[in-house]
file input_38.pdb (PDB, N, CA and C atoms)
MODEL        1
ATOM      1  N   MET A 526       0.829  -1.191   0.000
ATOM      2  CA  MET A 526       0.000   0.000   0.000
ATOM      3  C   MET A 526       0.871   1.251   0.000
ATOM      4  N   ILE A 527       1.932   1.213   0.765
ATOM      5  CA  ILE A 527       2.823   2.374   0.830
ATOM      6  C   ILE A 527       3.517   2.582  -0.507
ATOM      7  N   LEU A 528       3.934   1.476  -1.127
ATOM      8  CA  LEU A 528       4.592   1.576  -2.433
ATOM      9  C   LEU A 528       3.649   2.162  -3.473
ATOM     10  N   LEU A 529       2.392   1.749  -3.451
ATOM     11  CA  LEU A 529       1.407   2.292  -4.376
ATOM     12  C   LEU A 529       1.212   3.784  -4.145
ATOM     13  N   ASN A 530       1.189   4.188  -2.888
ATOM     14  CA  ASN A 530       1.067   5.605  -2.551
ATOM     15  C   ASN A 530       2.242   6.405  -3.105
ATOM     16  N   ILE A 531       3.443   5.868  -2.950
ATOM     17  CA  ILE A 531       4.640   6.548  -3.460
ATOM     18  C   ILE A 531       4.584   6.652  -4.983
ATOM     19  N   LEU A 532       4.163   5.552  -5.642
ATOM     20  CA  LEU A 532       4.062   5.582  -7.101
ATOM     21  C   LEU A 532       3.033   6.600  -7.569
ATOM     22  N   LEU A 533       1.894   6.651  -6.888
ATOM     23  CA  LEU A 533       0.858   7.607  -7.277
ATOM     24  C   LEU A 533       1.326   9.048  -7.073
ATOM     25  N   GLN A 534       2.025   9.325  -5.980
ATOM     26  CA  GLN A 534       2.529  10.670  -5.748
ATOM     27  C   GLN A 534       3.592  11.043  -6.778
ATOM     28  N   ALA A 535       4.402  10.070  -7.164
ATOM     29  CA  ALA A 535       5.440  10.343  -8.159
ATOM     30  C   ALA A 535       4.823  10.634  -9.521
ATOM     31  N   THR A 536       3.751   9.934  -9.868
ATOM     32  CA  THR A 536       3.153  10.143 -11.180
ATOM     33  C   THR A 536       2.357  11.441 -11.235
ATOM     34  N   VAL A 537       1.902  11.951 -10.106
ATOM     35  CA  VAL A 537       1.176  13.225 -10.100
ATOM     36  C   VAL A 537       2.098  14.347 -10.550
ATOM     37  N   ASN A 538       3.353  14.276 -10.166
ATOM     38  CA  ASN A 538       4.307  15.320 -10.528
ATOM     39  C   ASN A 538       4.673  15.274 -12.014
ATOM     40  N   PHE A 539       4.518  14.128 -12.651
ATOM     41  CA  PHE A 539       4.895  14.010 -14.048
ATOM     42  C   PHE A 539       3.811  14.496 -14.999
ATOM     43  N   GLY A 540       2.584  14.589 -14.542
ATOM     44  CA  GLY A 540       1.503  15.106 -15.368
ATOM     45  C   GLY A 540       1.207  14.224 -16.566
ATOM     46  N   PRO A 541       1.577  14.659 -17.763
ATOM     47  CA  PRO A 541       1.237  13.901 -18.973
ATOM     48  C   PRO A 541       1.931  12.540 -19.073
ATOM     49  N   LEU A 542       2.958  12.320 -18.278
ATOM     50  CA  LEU A 542       3.649  11.026 -18.331
ATOM     51  C   LEU A 542       2.971   9.970 -17.466
ATOM     52  N   ALA A 543       1.992  10.372 -16.656
ATOM     53  CA  ALA A 543       1.349   9.423 -15.748
ATOM     54  C   ALA A 543       0.579   8.346 -16.506
ATOM     55  N   ALA A 544      -0.124   8.720 -17.560
ATOM     56  CA  ALA A 544      -0.915   7.743 -18.316
ATOM     57  C   ALA A 544      -0.036   6.689 -18.997
ATOM     58  N   PRO A 545       1.030   7.074 -19.696
ATOM     59  CA  PRO A 545       1.890   6.032 -20.289
ATOM     60  C   PRO A 545       2.565   5.145 -19.243
ATOM     61  N   ILE A 546       2.900   5.710 -18.091
ATOM     62  CA  ILE A 546       3.491   4.897 -17.030
ATOM     63  C   ILE A 546       2.461   3.889 -16.526
ATOM     64  N   GLY A 547       1.218   4.336 -16.347
ATOM     65  CA  GLY A 547       0.157   3.425 -15.927
ATOM     66  C   GLY A 547      -0.093   2.342 -16.956
ATOM     67  N   ALA A 548      -0.096   2.708 -18.227
ATOM     68  CA  ALA A 548      -0.302   1.722 -19.288
ATOM     69  C   ALA A 548       0.839   0.709 -19.307
ATOM     70  N   ALA A 549       2.061   1.161 -19.077
ATOM     71  CA  ALA A 549       3.207   0.248 -19.051
ATOM     72  C   ALA A 549       3.095  -0.732 -17.889
ATOM     73  N   ILE A 550       2.642  -0.256 -16.742
ATOM     74  CA  ILE A 550       2.464  -1.142 -15.589
ATOM     75  C   ILE A 550       1.398  -2.196 -15.886
ATOM     76  N   VAL A 551       0.328  -1.775 -16.543
ATOM     77  CA  VAL A 551      -0.741  -2.714 -16.912
ATOM     78  C   VAL A 551      -0.216  -3.776 -17.859
ATOM     79  N   VAL A 552       0.553  -3.365 -18.856
ATOM     80  CA  VAL A 552       1.085  -4.321 -19.837
ATOM     81  C   VAL A 552       2.026  -5.315 -19.162
ATOM     82  N   LEU A 553       2.871  -4.829 -18.259
ATOM     83  CA  LEU A 553       3.779  -5.735 -17.550
ATOM     84  C   LEU A 553       3.013  -6.734 -16.693
ATOM     85  N   GLY A 554       1.984  -6.257 -16.001
ATOM     86  CA  GLY A 554       1.183  -7.160 -15.180
ATOM     87  C   GLY A 554       0.469  -8.215 -16.003
ATOM     88  N   ALA A 555      -0.089  -7.804 -17.125
ATOM     89  CA  ALA A 555      -0.777  -8.758 -17.997
ATOM     90  C   ALA A 555       0.203  -9.771 -18.577
ATOM     91  N   ALA A 556       1.369  -9.311 -18.971
ATOM     92  CA  ALA A 556       2.374 -10.224 -19.537
ATOM     93  C   ALA A 556       2.819 -11.255 -18.502
ATOM     94  N   LEU A 557       3.033 -10.812 -17.273
ATOM     95  CA  LEU A 557       3.417 -11.750 -16.218
ATOM     96  C   LEU A 557       2.301 -12.747 -15.935
ATOM     97  N   GLY A 558       1.070 -12.267 -15.903
ATOM     98  CA  GLY A 558      -0.055 -13.155 -15.651
ATOM     99  C   GLY A 558      -0.235 -14.200 -16.731
ATOM    100  N   ILE A 559      -0.174 -13.791 -17.982
ATOM    101  CA  ILE A 559      -0.334 -14.733 -19.087
ATOM    102  C   ILE A 559       0.847 -15.699 -19.133
ATOM    103  N   GLY A 560       2.034 -15.223 -18.791
ATOM    104  CA  GLY A 560       3.202 -16.109 -18.739
ATOM    105  C   GLY A 560       3.040 -17.190 -17.679
ATOM    106  N   LYS A 561       2.518 -16.812 -16.519
ATOM    107  CA  LYS A 561       2.288 -17.795 -15.459
ATOM    108  C   LYS A 561       1.215 -18.803 -15.865
ATOM    109  N   ILE A 562       0.192 -18.325 -16.557
ATOM    110  CA  ILE A 562      -0.858 -19.232 -17.021
ATOM    111  C   ILE A 562      -0.277 -20.239 -18.012
ATOM    112  N   GLY A 563       0.520 -19.749 -18.954
ATOM    113  CA  GLY A 563       1.123 -20.643 -19.942
ATOM    114  C   GLY A 563       2.042 -21.675 -19.302
ATOM    115  N   ALA A 564       2.840 -21.235 -18.344
ATOM    116  CA  ALA A 564       3.749 -22.163 -17.671
ATOM    117  C   ALA A 564       2.973 -23.217 -16.889
ATOM    118  N   GLY A 565       1.929 -22.774 -16.195
ATOM    119  CA  GLY A 565       1.115 -23.727 -15.439
ATOM    120  C   GLY A 565       0.393 -24.714 -16.341
ATOM    121  N   ALA A 566      -0.097 -24.226 -17.470
ATOM    122  CA  ALA A 566      -0.798 -25.108 -18.400
ATOM    123  C   ALA A 566       0.156 -26.135 -19.000
ATOM    124  N   MET A 567       1.360 -25.724 -19.361
ATOM    125  CA  MET A 567       2.313 -26.664 -19.928
ATOM    126  C   MET A 567       2.717 -27.723 -18.900
ATOM    127  N   GLU A 568       2.844 -27.298 -17.645
ATOM    128  CA  GLU A 568       3.168 -28.259 -16.593
ATOM    129  C   GLU A 568       2.013 -29.239 -16.385
ATOM    130  N   ALA A 569       0.780 -28.731 -16.413
ATOM    131  CA  ALA A 569      -0.383 -29.602 -16.244
ATOM    132  C   ALA A 569      -0.507 -30.589 -17.400
ATOM    133  N   ILE A 570      -0.235 -30.124 -18.612
ATOM    134  CA  ILE A 570      -0.307 -31.015 -19.771
ATOM    135  C   ILE A 570       0.794 -32.075 -19.702
ATOM    136  N   ALA A 571       1.969 -31.683 -19.207
ATOM    137  CA  ALA A 571       3.057 -32.650 -19.088
ATOM    138  C   ALA A 571       2.729 -33.722 -18.047
ATOM    139  N   ARG A 572       2.027 -33.332 -16.994
ATOM    140  CA  ARG A 572       1.679 -34.301 -15.955
ATOM    141  C   ARG A 572       0.527 -35.211 -16.374
ATOM    142  N   GLN A 573      -0.419 -34.647 -17.123
ATOM    143  CA  GLN A 573      -1.606 -35.414 -17.514
ATOM    144  C   GLN A 573      -1.925 -35.134 -18.987
ATOM    145  N   PRO A 574      -1.243 -35.801 -19.893
ATOM    146  CA  PRO A 574      -1.423 -35.525 -21.327
ATOM    147  C   PRO A 574      -2.841 -35.770 -21.828
ATOM    148  N   GLU A 575      -3.577 -36.674 -21.195
ATOM    149  CA  GLU A 575      -4.935 -36.961 -21.673
ATOM    150  C   GLU A 575      -5.899 -35.813 -21.410
ATOM    151  N   ALA A 576      -5.538 -34.881 -20.534
ATOM    152  CA  ALA A 576      -6.394 -33.728 -20.239
ATOM    153  C   ALA A 576      -5.931 -32.483 -20.984
ATOM    154  N   ALA A 577      -5.123 -32.661 -22.015
ATOM    155  CA  ALA A 577      -4.514 -31.523 -22.704
ATOM    156  C   ALA A 577      -5.554 -30.585 -23.312
ATOM    157  N   SER A 578      -6.593 -31.130 -23.908
ATOM    158  CA  SER A 578      -7.574 -30.250 -24.567
ATOM    159  C   SER A 578      -8.343 -29.413 -23.545
ATOM    160  N   ASP A 579      -8.686 -30.006 -22.403
ATOM    161  CA  ASP A 579      -9.387 -29.244 -21.365
ATOM    162  C   ASP A 579      -8.494 -28.149 -20.785
ATOM    163  N   VAL A 580      -7.239 -28.492 -20.519
ATOM    164  CA  VAL A 580      -6.302 -27.519 -19.958
ATOM    165  C   VAL A 580      -6.066 -26.394 -20.963
ATOM    166  N   ARG A 581      -5.893 -26.746 -22.232
ATOM    167  CA  ARG A 581      -5.645 -25.742 -23.261
ATOM    168  C   ARG A 581      -6.825 -24.778 -23.392
ATOM    169  N   MET A 582      -8.041 -25.318 -23.360
ATOM    170  CA  MET A 582      -9.228 -24.469 -23.474
ATOM    171  C   MET A 582      -9.334 -23.522 -22.281
ATOM    172  N   SER A 583      -9.092 -24.039 -21.087
ATOM    173  CA  SER A 583      -9.132 -23.186 -19.891
ATOM    174  C   SER A 583      -8.054 -22.108 -19.956
ATOM    175  N   MET A 584      -6.873 -22.481 -20.430
ATOM    176  CA  MET A 584      -5.782 -21.519 -20.544
ATOM    177  C   MET A 584      -6.147 -20.397 -21.512
ATOM    178  N   ILE A 585      -6.736 -20.727 -22.633
ATOM    179  CA  ILE A 585      -7.101 -19.719 -23.624
ATOM    180  C   ILE A 585      -8.171 -18.785 -23.086
ATOM    181  N   ILE A 586      -9.147 -19.333 -22.377
ATOM    182  CA  ILE A 586     -10.218 -18.498 -21.823
ATOM    183  C   ILE A 586      -9.665 -17.526 -20.789
ATOM    184  N   VAL A 587      -8.839 -18.017 -19.876
ATOM    185  CA  VAL A 587      -8.283 -17.143 -18.832
ATOM    186  C   VAL A 587      -7.345 -16.107 -19.433
ATOM    187  N   ALA A 588      -6.539 -16.493 -20.408
ATOM    188  CA  ALA A 588      -5.646 -15.539 -21.059
ATOM    189  C   ALA A 588      -6.436 -14.451 -21.775
ATOM    190  N   ALA A 589      -7.551 -14.821 -22.396
ATOM    191  CA  ALA A 589      -8.387 -13.833 -23.072
ATOM    192  C   ALA A 589      -9.013 -12.869 -22.072
ATOM    193  N   LEU A 590      -9.426 -13.378 -20.916
ATOM    194  CA  LEU A 590      -9.987 -12.497 -19.883
ATOM    195  C   LEU A 590      -8.939 -11.515 -19.356
ATOM    196  N   ILE A 591      -7.731 -12.004 -19.147
ATOM    197  CA  ILE A 591      -6.660 -11.119 -18.681
ATOM    198  C   ILE A 591      -6.346 -10.070 -19.742
ATOM    199  N   GLU A 592      -6.277 -10.495 -20.975
ATOM    200  CA  GLU A 592      -5.969  -9.557 -22.052
ATOM    201  C   GLU A 592      -7.078  -8.512 -22.213
ATOM    202  N   GLY A 593      -8.324  -8.926 -22.051
ATOM    203  CA  GLY A 593      -9.432  -7.977 -22.127
ATOM    204  C   GLY A 593      -9.376  -6.950 -21.014
ATOM    205  N   ALA A 594      -9.083  -7.406 -19.805
ATOM    206  CA  ALA A 594      -8.978  -6.471 -18.673
ATOM    207  C   ALA A 594      -7.800  -5.524 -18.876
ATOM    208  N   ALA A 595      -6.695  -6.039 -19.413
ATOM    209  CA  ALA A 595      -5.529  -5.192 -19.665
ATOM    210  C   ALA A 595      -5.835  -4.150 -20.742
ATOM    211  N   LEU A 596      -6.538  -4.556 -21.785
ATOM    212  CA  LEU A 596      -6.902  -3.610 -22.836
ATOM    213  C   LEU A 596      -7.799  -2.510 -22.287
ATOM    214  N   PHE A 597      -8.758  -2.908 -21.458
ATOM    215  CA  PHE A 597      -9.645  -1.924 -20.836
ATOM    216  C   PHE A 597      -8.833  -0.948 -19.978
ATOM    217  N   ALA A 598      -7.888  -1.446 -19.202
ATOM    218  CA  ALA A 598      -7.066  -0.584 -18.346
ATOM    219  C   ALA A 598      -6.189   0.351 -19.173
ATOM    220  N   ILE A 599      -5.662  -0.139 -20.291
ATOM    221  CA  ILE A 599      -4.836   0.717 -21.148
ATOM    222  C   ILE A 599      -5.683   1.829 -21.748
ATOM    223  N   VAL A 600      -6.893   1.496 -22.175
ATOM    224  CA  VAL A 600      -7.785   2.527 -22.740
ATOM    225  C   VAL A 600      -8.106   3.577 -21.689
ATOM    226  N   VAL A 601      -8.369   3.148 -20.461
ATOM    227  CA  VAL A 601      -8.640   4.109 -19.383
ATOM    228  C   VAL A 601      -7.421   4.994 -19.130
ATOM    229  N   CYS A 602      -6.226   4.404 -19.124
ATOM    230  CA  CYS A 602      -5.003   5.199 -18.911
ATOM    231  C   CYS A 602      -4.826   6.226 -20.032
ATOM    232  N   LEU A 603      -5.066   5.816 -21.259
ATOM    233  CA  LEU A 603      -4.869   6.739 -22.373
ATOM    234  C   LEU A 603      -5.978   7.782 -22.452
ATOM    235  N   MET A 604      -7.173   7.444 -21.951
ATOM    236  CA  MET A 604      -8.246   8.454 -21.905
ATOM    237  C   MET A 604      -7.926   9.545 -20.890
ATOM    238  N   ALA A 605      -7.085   9.216 -19.915
ATOM    239  CA  ALA A 605      -6.701  10.202 -18.907
ATOM    240  C   ALA A 605      -5.862  11.325 -19.516
ATOM    241  N   LEU A 606      -5.263  11.058 -20.674
ATOM    242  CA  LEU A 606      -4.466  12.100 -21.331
ATOM    243  C   LEU A 606      -5.334  13.231 -21.871
ATOM    244  N   GLY A 607      -6.552  12.880 -22.283
ATOM    245  CA  GLY A 607      -7.419  13.851 -22.939
ATOM    246  C   GLY A 607      -8.179  14.673 -22.008
TER     247      GLY A 607
ENDMDL
END
call {"tool": "encode", "arguments": {"input": "input_38.pdb", "output": "structure tokens"}}
result
Amino acid sequence: MILLNILLQATVNFGPLAAPIGAAIVVLGAALGIGKIGAGAMEAIARQPEAASDVRMSMIIVAALIEGAALFAIVVCLMALG
């Protein structure tokens, strides 16, 4: 919580740079999340190959949800510029 407070105070001073910084944080978070999903899915498929199609479908759905939320957050960050 304190770190978030420090980041928010730092971005207030930058003005127009706050939105791109926020968008970059969103992209990094989404990339890490999708990477963890992919790694977990590959491990699950390696352990149980017969469940590969179910695991793959779940992985695609969750990755799409994360990507949708990230896109929404990026649009909100860029709307803050206007």
call {"tool": "axis_aligned_box", "arguments": {"input": "input_38.pdb", "around": "stretch 594-602 of chain A", "padding_each_side": "3 Å", "output": "JSON"}}
result
{"center_x": -7.2, "center_y": -0.6, "center_z": -20.6, "size_x": 10.8, "size_y": 19.6, "size_z": 10.5}
call {"tool": "closest_residue", "arguments": {"input": "input_38.pdb", "among": "A:Ile570, A:Ala544, A:Met526, A:Val552", "to": "A:Cys602", "atoms": "all atoms listed in the file"}}
result
A:Ala544
call {"tool": "atom_distance", "arguments": {"input": "input_38.pdb", "atom1": "atom CA of A:Val551", "atom2": "atom CA of A:Ala595"}}
result
6.1 Å
call {"tool": "atom_distance", "arguments": {"input": "input_38.pdb", "atom1": "atom C of A:Gln534", "atom2": "atom CA of A:Ala598"}}
result
19.6 Å
call {"tool": "closest_residue", "arguments": {"input": "input_38.pdb", "among": "A:Met582, A:Ile531, A:Ala588, A:Ala571", "to": "A:Ala556", "atoms": "only C-alpha atoms"}}
result
A:Ala588
call {"tool": "resolve_selection", "arguments": {"input": "input_38.pdb", "expression": "the PyMOL selection byres (((chain A and resi 548 and name CA) around 12) and name CA)", "output": "VMD selection string"}}
result
chain A and resid 542 to 547 549 to 555 594 to 606
call {"tool": "atom_distance", "arguments": {"input": "input_38.pdb", "atom1": "atom CA of A:Ala589", "atom2": "atom CA of A:Gly565"}}
result
15.7 Å
call {"tool": "residues_around", "arguments": {"input": "input_38.pdb", "residues": "A:Ala566", "least_positions_apart": "4", "cutoff": "7 Å", "atoms": "only N, CA and C atoms", "output": "PyMOL selection string"}}
result
chain A and resi 561-562+570-571+580-581+584
call {"tool": "closest_residue", "arguments": {"input": "input_38.pdb", "among": "A:Gly558, A:Gly563, A:Pro541, A:Asn530", "to": "A:Glu592", "atoms": "only C-alpha atoms"}}
result
A:Gly558
call {"tool": "decode", "arguments": {"input": "input_38.pdb", "residues": "stretch 531-590 of chain A", "atoms": "C-alpha atoms", "output": "short mmCIF file (atom, residue, chain, number, x, y, z; two decimals), in the first residue's frame"}}
result
data_model
loop_
_atom_site.label_atom_id
_atom_site.label_comp_id
_atom_site.auth_asym_id
_atom_site.auth_seq_id
_atom_site.Cartn_x
_atom_site.Cartn_y
_atom_site.Cartn_z
CA ILE A 531 4.64 6.55 -3.46
CA LEU A 532 4.06 5.58 -7.10
CA LEU A 533 0.86 7.61 -7.28
CA GLN A 534 2.53 10.67 -5.75
CA ALA A 535 5.44 10.34 -8.16
CA THR A 536 3.15 10.14 -11.18
CA VAL A 537 1.18 13.22 -10.10
CA ASN A 538 4.31 15.32 -10.53
CA PHE A 539 4.89 14.01 -14.05
CA GLY A 540 1.50 15.11 -15.37
CA PRO A 541 1.24 13.90 -18.97
CA LEU A 542 3.65 11.03 -18.33
CA ALA A 543 1.35 9.42 -15.75
CA ALA A 544 -0.92 7.74 -18.32
CA PRO A 545 1.89 6.03 -20.29
CA ILE A 546 3.49 4.90 -17.03
CA GLY A 547 0.16 3.43 -15.93
CA ALA A 548 -0.30 1.72 -19.29
CA ALA A 549 3.21 0.25 -19.05
CA ILE A 550 2.46 -1.14 -15.59
CA VAL A 551 -0.74 -2.71 -16.91
CA VAL A 552 1.09 -4.32 -19.84
CA LEU A 553 3.78 -5.73 -17.55
CA GLY A 554 1.18 -7.16 -15.18
CA ALA A 555 -0.78 -8.76 -18.00
CA ALA A 556 2.37 -10.22 -19.54
CA LEU A 557 3.42 -11.75 -16.22
CA GLY A 558 -0.05 -13.16 -15.65
CA ILE A 559 -0.33 -14.73 -19.09
CA GLY A 560 3.20 -16.11 -18.74
CA LYS A 561 2.29 -17.79 -15.46
CA ILE A 562 -0.86 -19.23 -17.02
CA GLY A 563 1.12 -20.64 -19.94
CA ALA A 564 3.75 -22.16 -17.67
CA GLY A 565 1.12 -23.73 -15.44
CA ALA A 566 -0.80 -25.11 -18.40
CA MET A 567 2.31 -26.66 -19.93
CA GLU A 568 3.17 -28.26 -16.59
CA ALA A 569 -0.38 -29.60 -16.24
CA ILE A 570 -0.31 -31.02 -19.77
CA ALA A 571 3.06 -32.65 -19.09
CA ARG A 572 1.68 -34.30 -15.95
CA GLN A 573 -1.61 -35.41 -17.51
CA PRO A 574 -1.42 -35.53 -21.33
CA GLU A 575 -4.93 -36.96 -21.67
CA ALA A 576 -6.39 -33.73 -20.24
CA ALA A 577 -4.51 -31.52 -22.70
CA SER A 578 -7.57 -30.25 -24.57
CA ASP A 579 -9.39 -29.24 -21.36
CA VAL A 580 -6.30 -27.52 -19.96
CA ARG A 581 -5.65 -25.74 -23.26
CA MET A 582 -9.23 -24.47 -23.47
CA SER A 583 -9.13 -23.19 -19.89
CA MET A 584 -5.78 -21.52 -20.54
CA ILE A 585 -7.10 -19.72 -23.62
CA ILE A 586 -10.22 -18.50 -21.82
CA VAL A 587 -8.28 -17.14 -18.83
CA ALA A 588 -5.65 -15.54 -21.06
CA ALA A 589 -8.39 -13.83 -23.07
CA LEU A 590 -9.99 -12.50 -19.88
#
